[in-house]
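What follows is the content of structure-v9.txt, which has compact mmCIF, C-alpha atoms and all ligand atoms:
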# COMPACT_ATOMS: atom_id res chain seq x y z
CA MET A 1 102.23 121.73 104.79
CA LYS A 2 99.64 124.47 104.64
CA ARG A 3 99.09 125.99 101.20
CA LEU A 4 97.57 129.28 100.11
CA HIS A 5 96.17 129.30 96.58
CA PRO A 6 95.19 132.67 95.08
CA LEU A 7 92.16 132.14 92.84
CA TRP A 8 91.35 134.22 89.74
CA LEU A 9 87.56 134.58 89.75
CA GLY A 10 87.09 136.80 86.72
CA GLU A 11 87.31 140.52 86.11
CA ALA A 12 85.25 143.66 86.26
CA CYS A 13 85.47 146.50 83.77
CA CYS A 14 85.36 149.91 85.41
CA ASP A 15 86.72 153.43 85.26
CA LYS A 16 90.11 153.77 86.97
CA SER A 17 88.49 156.39 89.21
CA VAL A 18 86.39 153.64 90.86
CA VAL A 19 89.53 152.22 92.49
CA SER A 20 92.00 155.13 92.46
CA PRO A 21 90.17 158.46 92.16
CA GLY A 22 92.54 161.17 90.93
CA VAL A 23 94.93 158.66 89.32
CA GLY A 24 94.10 158.13 85.62
CA ASP A 25 90.42 159.15 85.84
CA GLY A 26 88.46 158.44 82.65
CA VAL A 27 90.50 155.36 81.67
CA ARG A 28 88.55 152.08 81.43
CA ILE A 29 90.42 149.25 83.11
CA HIS A 30 89.87 145.61 83.98
CA ILE A 31 90.35 144.71 87.62
CA PRO A 32 90.73 141.12 88.81
CA ILE A 33 88.14 139.54 91.12
CA LEU A 34 90.06 137.36 93.57
CA GLY A 35 89.56 134.71 96.20
CA TYR A 36 92.00 132.51 98.13
CA LEU A 37 91.90 128.90 99.23
CA ILE A 38 93.92 127.82 102.23
CA VAL A 39 94.41 124.09 102.70
CA ALA A 40 95.51 123.40 106.27
CA ASP A 41 97.14 120.29 107.74
CA SER A 42 94.20 120.00 110.14
CA GLY A 43 91.99 119.13 107.15
CA ARG A 44 90.23 122.48 107.06
CA ARG A 45 89.75 124.03 103.61
CA ILE A 46 89.30 127.71 104.15
CA LEU A 47 88.11 130.04 101.42
CA VAL A 48 88.64 133.81 101.64
CA ASP A 49 85.92 135.56 99.61
CA THR A 50 83.73 133.81 97.03
CA GLY A 51 83.75 136.14 93.99
CA ILE A 52 80.88 137.24 91.75
CA HIS A 53 77.92 134.86 91.38
CA ARG A 54 78.47 132.41 88.52
CA SER A 55 75.24 133.50 86.78
CA HIS A 56 77.14 136.63 85.64
CA ILE A 57 79.00 134.47 83.10
CA GLU A 58 75.74 134.43 81.09
CA ASP A 59 74.28 137.70 82.29
CA PRO A 60 76.89 140.30 83.35
CA ASP A 61 74.22 142.86 84.29
CA ARG A 62 72.26 140.48 86.48
CA THR A 63 72.89 142.33 89.72
CA TRP A 64 72.94 146.01 88.70
CA ARG A 65 70.74 146.20 85.57
CA GLY A 66 68.80 149.46 85.57
CA THR A 67 70.97 151.10 88.23
CA ASP A 68 73.78 153.70 87.96
CA PHE A 69 76.15 151.00 89.11
CA ALA A 70 75.59 148.91 85.94
CA ALA A 71 77.81 151.22 83.86
CA ALA A 72 80.26 151.90 86.68
CA LEU A 73 81.37 148.30 87.12
CA ARG A 74 80.65 145.46 84.70
CA PRO A 75 81.54 141.85 85.46
CA VAL A 76 83.56 139.98 82.82
CA MET A 77 83.54 136.28 83.62
CA ARG A 78 84.39 133.18 81.63
CA LEU A 79 83.22 129.68 82.49
CA GLU A 80 86.57 128.82 84.06
CA ASP A 81 86.40 131.89 86.33
CA SER A 82 83.64 130.47 88.50
CA VAL A 83 84.80 129.54 91.98
CA ASP A 84 83.50 125.97 91.64
CA HIS A 85 85.65 125.52 88.52
CA ARG A 86 88.74 126.93 90.26
CA LEU A 87 88.19 124.58 93.20
CA ALA A 88 87.58 121.60 90.89
CA VAL A 89 91.02 122.17 89.35
CA LEU A 90 92.38 121.74 92.89
CA GLY A 91 90.32 118.56 93.34
CA LEU A 92 87.65 120.09 95.58
CA ARG A 93 83.91 120.61 95.52
CA GLY A 94 81.98 123.37 97.25
CA SER A 95 80.80 120.90 99.88
CA ASP A 96 84.46 120.23 100.83
CA VAL A 97 85.00 123.82 102.00
CA THR A 98 84.86 123.93 105.79
CA ASP A 99 85.23 127.67 106.41
CA VAL A 100 84.62 130.87 104.46
CA ILE A 101 86.03 134.22 105.53
CA ASN A 102 84.21 137.11 103.85
CA THR A 103 86.33 140.26 104.04
CA HIS A 104 83.01 142.00 103.45
CA LEU A 105 79.68 141.29 101.75
CA HIS A 106 79.91 143.26 98.49
CA PHE A 107 78.64 141.27 95.51
CA ASP A 108 82.18 140.63 94.21
CA HIS A 109 83.32 139.13 97.55
CA ALA A 110 80.29 137.17 98.76
CA GLY A 111 78.58 136.39 95.45
CA ASN A 112 78.91 132.61 95.66
CA ASN A 113 78.32 132.07 99.37
CA ASP A 114 75.44 129.77 98.39
CA ALA A 115 77.95 127.27 96.94
CA PHE A 116 79.36 126.36 100.39
CA PRO A 117 76.56 124.69 102.35
CA ASN A 118 78.87 122.99 104.89
CA ALA A 119 81.02 126.00 105.72
CA THR A 120 81.09 128.24 108.74
CA PHE A 121 81.16 131.86 107.49
CA TYR A 122 83.21 134.47 109.37
CA VAL A 123 82.16 138.11 109.08
CA GLN A 124 82.60 141.03 111.47
CA ARG A 125 79.36 141.61 113.38
CA SER A 126 79.42 145.36 112.69
CA HIS A 127 79.72 144.64 108.98
CA TYR A 128 76.96 142.04 108.91
CA GLU A 129 74.60 144.39 110.70
CA ALA A 130 75.39 147.23 108.27
CA ALA A 131 74.81 144.95 105.27
CA VAL A 132 71.42 143.49 106.23
CA ASP A 133 68.67 144.93 104.00
CA ASN A 134 71.22 147.31 102.46
CA PRO A 135 71.06 147.31 98.62
CA SER A 136 74.80 148.08 98.40
CA PHE A 137 75.32 144.50 99.65
CA PRO A 138 72.82 142.49 97.57
CA ASN A 139 71.42 140.21 100.24
CA GLN A 140 70.32 137.51 97.76
CA TYR A 141 73.90 136.21 97.51
CA TRP A 142 74.69 135.75 101.18
CA ARG A 143 71.67 136.11 103.45
CA LEU A 144 70.42 132.64 102.80
CA GLU A 145 68.57 130.03 104.77
CA GLY A 146 70.94 127.32 105.99
CA LEU A 147 74.19 129.30 105.83
CA ASN A 148 75.95 129.35 109.16
CA TYR A 149 77.40 132.78 110.02
CA HIS A 150 79.75 133.18 112.94
CA LEU A 151 79.92 136.90 113.69
CA LEU A 152 83.20 138.30 114.99
CA ASP A 153 83.93 141.26 117.23
CA GLY A 154 87.35 142.58 116.27
CA GLU A 155 90.67 140.81 115.78
CA THR A 156 90.20 137.05 116.00
CA ASP A 157 92.48 134.01 115.80
CA LEU A 158 90.71 131.44 113.61
CA GLY A 159 93.29 128.69 114.18
CA ASP A 160 95.67 127.02 111.72
CA GLY A 161 97.80 130.18 111.63
CA ILE A 162 94.97 132.29 110.25
CA SER A 163 93.60 135.43 111.87
CA VAL A 164 91.43 138.35 110.86
CA PHE A 165 91.66 141.98 111.88
CA PRO A 166 89.29 144.88 111.26
CA THR A 167 90.17 147.32 108.47
CA PRO A 168 87.05 149.53 108.26
CA GLY A 169 86.64 152.39 105.83
CA HIS A 170 85.95 150.59 102.57
CA THR A 171 82.80 149.56 104.41
CA PRO A 172 81.90 149.48 108.11
CA GLY A 173 83.45 146.39 109.70
CA HIS A 174 85.59 145.37 106.73
CA GLN A 175 88.22 142.79 107.73
CA SER A 176 91.57 141.64 106.34
CA VAL A 177 93.25 138.26 106.79
CA LEU A 178 96.70 137.31 108.05
CA VAL A 179 98.01 133.89 107.06
CA ARG A 180 101.14 132.55 108.76
CA LEU A 181 102.63 129.89 106.54
CA ASP A 182 104.72 126.96 107.80
CA SER A 183 107.76 128.30 105.94
CA GLY A 184 107.68 131.36 108.20
CA GLN A 185 106.38 133.55 105.39
CA ASN A 186 103.41 135.69 106.33
CA VAL A 187 100.79 136.90 103.87
CA ILE A 188 98.14 139.57 104.39
CA LEU A 189 95.05 139.35 102.20
CA CYS A 190 93.78 142.93 102.10
CA GLY A 191 90.32 142.39 100.69
CA ASP A 192 89.30 145.89 99.67
CA ALA A 193 91.21 147.62 102.49
CA ILE A 194 93.70 148.32 99.69
CA TYR A 195 92.50 147.84 96.11
CA GLU A 196 95.83 148.29 94.39
CA GLU A 197 99.35 149.64 94.66
CA ASP A 198 98.27 153.03 93.22
CA ASN A 199 96.23 153.70 96.37
CA VAL A 200 99.40 153.50 98.45
CA ARG A 201 101.67 155.23 95.93
CA HIS A 202 99.33 158.18 95.40
CA ASP A 203 97.70 158.24 98.85
CA ALA A 204 94.35 157.83 97.02
CA TRP A 205 91.53 156.59 99.27
CA GLY A 206 88.52 158.35 97.75
CA GLY A 207 87.11 155.08 96.38
CA HIS A 208 85.95 154.01 99.85
CA ALA A 209 82.80 154.72 101.85
CA ASP A 210 84.83 156.55 104.51
CA PRO A 211 88.10 157.69 102.90
CA SER A 212 89.86 158.95 106.03
CA GLN A 213 89.02 155.79 107.98
CA ALA A 214 90.08 153.69 104.97
CA ARG A 215 93.40 155.53 104.90
CA ARG A 216 93.98 154.88 108.61
CA SER A 217 93.14 151.19 108.18
CA ALA A 218 95.41 150.85 105.13
CA LEU A 219 98.35 152.54 106.85
CA GLY A 220 97.79 150.31 109.88
CA LEU A 221 97.76 147.24 107.63
CA ILE A 222 101.03 148.30 105.98
CA GLU A 223 102.60 148.91 109.38
CA ARG A 224 101.49 145.46 110.53
CA ALA A 225 102.87 143.91 107.35
CA ARG A 226 106.21 145.63 107.91
CA GLY A 227 106.43 144.26 111.46
CA LEU A 228 105.62 140.73 110.29
CA LYS A 229 107.65 140.98 107.06
CA ALA A 230 104.39 139.96 105.39
CA THR A 231 103.62 139.85 101.68
CA VAL A 232 100.61 142.09 101.05
CA LEU A 233 98.13 140.90 98.41
CA TYR A 234 95.84 143.72 97.28
CA GLY A 235 92.13 143.31 96.53
CA HIS A 236 91.96 144.20 92.83
CA ASP A 237 95.46 144.83 91.46
CA ALA A 238 95.91 143.56 87.88
CA GLU A 239 99.66 144.30 87.86
CA GLN A 240 100.28 142.52 91.15
CA TRP A 241 98.37 139.46 89.94
CA LYS A 242 100.93 139.02 87.15
CA THR A 243 103.64 138.60 89.80
CA VAL A 244 101.44 136.12 91.70
CA ILE A 245 101.01 133.85 88.68
CA GLN A 246 104.67 134.25 87.77
CA SER A 247 105.42 132.70 91.16
CA ALA A 248 104.47 129.06 91.69
CA GLY A 249 100.78 129.99 91.80
CA TRP A 250 100.61 129.27 95.51
CA TYR A 251 102.36 130.08 98.77
CA GLN A 252 103.38 127.56 101.39
ZN ZN B 301 85.93 144.33 95.78
Just give me the structure of the file as structure tokens.
Ligand SMILES: [Zn+2]
Amino acid sequence: MKRLHPLWLGEACCDKSVVSPGVGDGVRIHIPILGYLIVADSGRRILVDTGIHRSHIEDPDRTWRGTDFAAALRPVMRLEDSVDHRLAVLGLRGSDVTDVINTHLHFDHAGNNDAFPNATFYVQRSHYEAAVDNPSFPNQYWRLEGLNYHLLDGETDLGDGISVFPTPGHTPGHQSVLVRLDSGQNVILCGDAIYEEDNVRHDAWGGHADPSQARRSALGLIERARGLKATVLYGHDAEQWKTVIQSAGWYQ
């Protein structure tokens, strides 16, 4: 029985306007940093996003010190928030992970790519090319000798009931993930295609690189979810997370 485990990988402290401009601007909030582990019957252990690099537990400003971004978004991580700790609780080590899907290569989604030396990494080609040598996507966390990237061109079936589809706008070539569970339940992992419910409720897409493209992608994702009766898990929604942990803590 395939299982999908949402993983809490810490928080970031930011102004509400970072995620939902025009909705509660000026309020400091904590947003969750999330990843997901899918354990498939085939033996594959597939991780979706890897969180913020574990060194930020000791040094929250490690990545953005001295830049405007340092005040805009500050990591808040405890020891137990590191992805290797979350996997250890599930009985796994980094070397056990066979596949990593990065929705995109921002530092809060690809920060621990170095911890998965045996994995094949799946990223949209257009995204990878936009991220190379681009300081918005700190290359030190993902562009590493020995990591095996498999670049994708559009919607792709990755097997075991898992597929990815492009949702650009947050970044070029951003992708979201559809997981078809054995129970018949479908789950869509948005990544940052939709940060939180307020984006949908208030039609607020100004927090993305290309807001009108982000809006189109988000509406397309919601349409797809409706057709598949899929549960939609947002990228950084603190309120939604409470409902996730109130459930069993996993989906199957
Ligand atoms: Zn993010």
Exercise for review: Mind listing whatever residues come within 12 Å of the point (88.8, 156.0, 86.7)? Use only C-alpha atoms, file coordinates, and give them as a PyMOL selection string.
Suggested key: chain A and resi 13-31+72-73+198+204+206-207
Practice item. Dump the neighbourhood of ligand ZN 301 (chain B) as a ChimeraX atom specification: all residues within 10 Å, distances computed on all atoms listed in the file. Key: /A:12,19,31-34,49,51-52,103-110,170,191-195,235-236
Please define a box with edges along x, y and z of the file around all atoms of stretch 129-148 of chain A given in the file, extend it by 3 Å on each side, and return its centre and edge lengths in Å to one decimal, as lines of an AutoDock Vina configuration file.
center_x = 72.3
center_y = 137.7
center_z = 104.1
size_x = 13.4
size_y = 26.8
size_z = 19.2
Exercise for review: Rank nothing, just name the residue among A:Glu145, A:Asp61, A:Asp84, A:Asp160 nearest to A:Gly43, using only C-alpha atoms.
Suggested key: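 Checking each candidate against A:Gly43, we get A:Asp160 as the closest.
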Check your understanding: How many Å separate atom CA of A:Thr243 from atom CA of A:Leu92?
Key ->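 According to the coordinates, atom CA of A:Thr243 and atom CA of A:Leu92 are separated by 25.1 Å.
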Check your understanding: Any idea what the distance is between atom CA of A:Leu87 and atom CA of A:Val48?
Key ->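 Atom CA of A:Leu87 sits 12.5 Å away from atom CA of A:Val48.
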Practice item. Mind checking which residues fall within 12 Å of A:Phe116, counting all atoms listed in the file, ignoring those fewer than 6 positions away in the same chain, and posting them as a PyMOL selection string? Key: chain A and resi 45-50+83-84+87+92-101+110+141-142+144+146-149
Point to revise | Nearest candidate to A:Ala230 (options A:Val187, A:Pro135, A:Arg86, A:Trp8; using all atoms listed in the file) | key: A:Val187
Complete the atoms of stretch 9-29 of chain A to N, CA and C atoms and put them out as a PDB file, in the frame of the given file.
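Just written: out30.pdb:
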ATOM      1  N   LEU A   9      89.002 134.822  89.873  1.00  0.00           N
ATOM      2  CA  LEU A   9      87.560 134.580  89.750  1.00  0.00           C
ATOM      3  C   LEU A   9      86.896 135.533  88.761  1.00  0.00           C
ATOM      4  N   GLY A  10      87.662 135.939  87.748  1.00  0.00           N
ATOM      5  CA  GLY A  10      87.090 136.800  86.720  1.00  0.00           C
ATOM      6  C   GLY A  10      87.573 138.229  86.862  1.00  0.00           C
ATOM      7  N   GLU A  11      86.903 139.117  86.132  1.00  0.00           N
ATOM      8  CA  GLU A  11      87.310 140.520  86.110  1.00  0.00           C
ATOM      9  C   GLU A  11      86.064 141.390  86.187  1.00  0.00           C
ATOM     10  N   ALA A  12      86.307 142.666  86.447  1.00  0.00           N
ATOM     11  CA  ALA A  12      85.250 143.660  86.260  1.00  0.00           C
ATOM     12  C   ALA A  12      85.854 144.811  85.478  1.00  0.00           C
ATOM     13  N   CYS A  13      85.042 145.362  84.586  1.00  0.00           N
ATOM     14  CA  CYS A  13      85.470 146.500  83.770  1.00  0.00           C
ATOM     15  C   CYS A  13      84.916 147.758  84.433  1.00  0.00           C
ATOM     16  N   CYS A  14      85.801 148.696  84.717  1.00  0.00           N
ATOM     17  CA  CYS A  14      85.360 149.910  85.410  1.00  0.00           C
ATOM     18  C   CYS A  14      86.268 151.068  85.034  1.00  0.00           C
ATOM     19  N   ASP A  15      85.852 152.271  85.415  1.00  0.00           N
ATOM     20  CA  ASP A  15      86.720 153.430  85.260  1.00  0.00           C
ATOM     21  C   ASP A  15      87.796 153.359  86.350  1.00  0.00           C
ATOM     22  N   LYS A  16      88.996 153.770  85.993  1.00  0.00           N
ATOM     23  CA  LYS A  16      90.110 153.770  86.970  1.00  0.00           C
ATOM     24  C   LYS A  16      89.740 154.561  88.234  1.00  0.00           C
ATOM     25  N   SER A  17      88.862 155.555  88.064  1.00  0.00           N
ATOM     26  CA  SER A  17      88.490 156.390  89.210  1.00  0.00           C
ATOM     27  C   SER A  17      87.668 155.620  90.255  1.00  0.00           C
ATOM     28  N   VAL A  18      87.130 154.448  89.874  1.00  0.00           N
ATOM     29  CA  VAL A  18      86.390 153.640  90.860  1.00  0.00           C
ATOM     30  C   VAL A  18      87.354 153.124  91.936  1.00  0.00           C
ATOM     31  N   VAL A  19      88.578 152.767  91.519  1.00  0.00           N
ATOM     32  CA  VAL A  19      89.530 152.220  92.490  1.00  0.00           C
ATOM     33  C   VAL A  19      90.568 153.232  92.970  1.00  0.00           C
ATOM     34  N   SER A  20      90.978 154.135  92.084  1.00  0.00           N
ATOM     35  CA  SER A  20      92.000 155.130  92.460  1.00  0.00           C
ATOM     36  C   SER A  20      91.608 156.514  91.977  1.00  0.00           C
ATOM     37  N   PRO A  21      90.611 157.147  92.617  1.00  0.00           N
ATOM     38  CA  PRO A  21      90.170 158.460  92.160  1.00  0.00           C
ATOM     39  C   PRO A  21      91.341 159.448  92.143  1.00  0.00           C
ATOM     40  N   GLY A  22      91.455 160.200  91.039  1.00  0.00           N
ATOM     41  CA  GLY A  22      92.540 161.170  90.930  1.00  0.00           C
ATOM     42  C   GLY A  22      93.780 160.607  90.256  1.00  0.00           C
ATOM     43  N   VAL A  23      93.771 159.296  89.972  1.00  0.00           N
ATOM     44  CA  VAL A  23      94.930 158.660  89.320  1.00  0.00           C
ATOM     45  C   VAL A  23      94.419 158.008  88.026  1.00  0.00           C
ATOM     46  N   GLY A  24      94.531 158.713  86.902  1.00  0.00           N
ATOM     47  CA  GLY A  24      94.100 158.130  85.620  1.00  0.00           C
ATOM     48  C   GLY A  24      92.592 158.124  85.425  1.00  0.00           C
ATOM     49  N   ASP A  25      91.883 159.094  85.997  1.00  0.00           N
ATOM     50  CA  ASP A  25      90.420 159.150  85.840  1.00  0.00           C
ATOM     51  C   ASP A  25      90.042 159.142  84.360  1.00  0.00           C
ATOM     52  N   GLY A  26      88.960 158.465  84.029  1.00  0.00           N
ATOM     53  CA  GLY A  26      88.460 158.440  82.650  1.00  0.00           C
ATOM     54  C   GLY A  26      88.993 157.273  81.844  1.00  0.00           C
ATOM     55  N   VAL A  27      89.947 156.529  82.381  1.00  0.00           N
ATOM     56  CA  VAL A  27      90.500 155.360  81.670  1.00  0.00           C
ATOM     57  C   VAL A  27      89.718 154.120  82.095  1.00  0.00           C
ATOM     58  N   ARG A  28      89.229 153.348  81.107  1.00  0.00           N
ATOM     59  CA  ARG A  28      88.550 152.080  81.430  1.00  0.00           C
ATOM     60  C   ARG A  28      89.616 151.018  81.704  1.00  0.00           C
ATOM     61  N   ILE A  29      89.454 150.298  82.779  1.00  0.00           N
ATOM     62  CA  ILE A  29      90.420 149.250  83.110  1.00  0.00           C
ATOM     63  C   ILE A  29      89.682 147.958  83.458  1.00  0.00           C
TER      64      ILE A  29
END
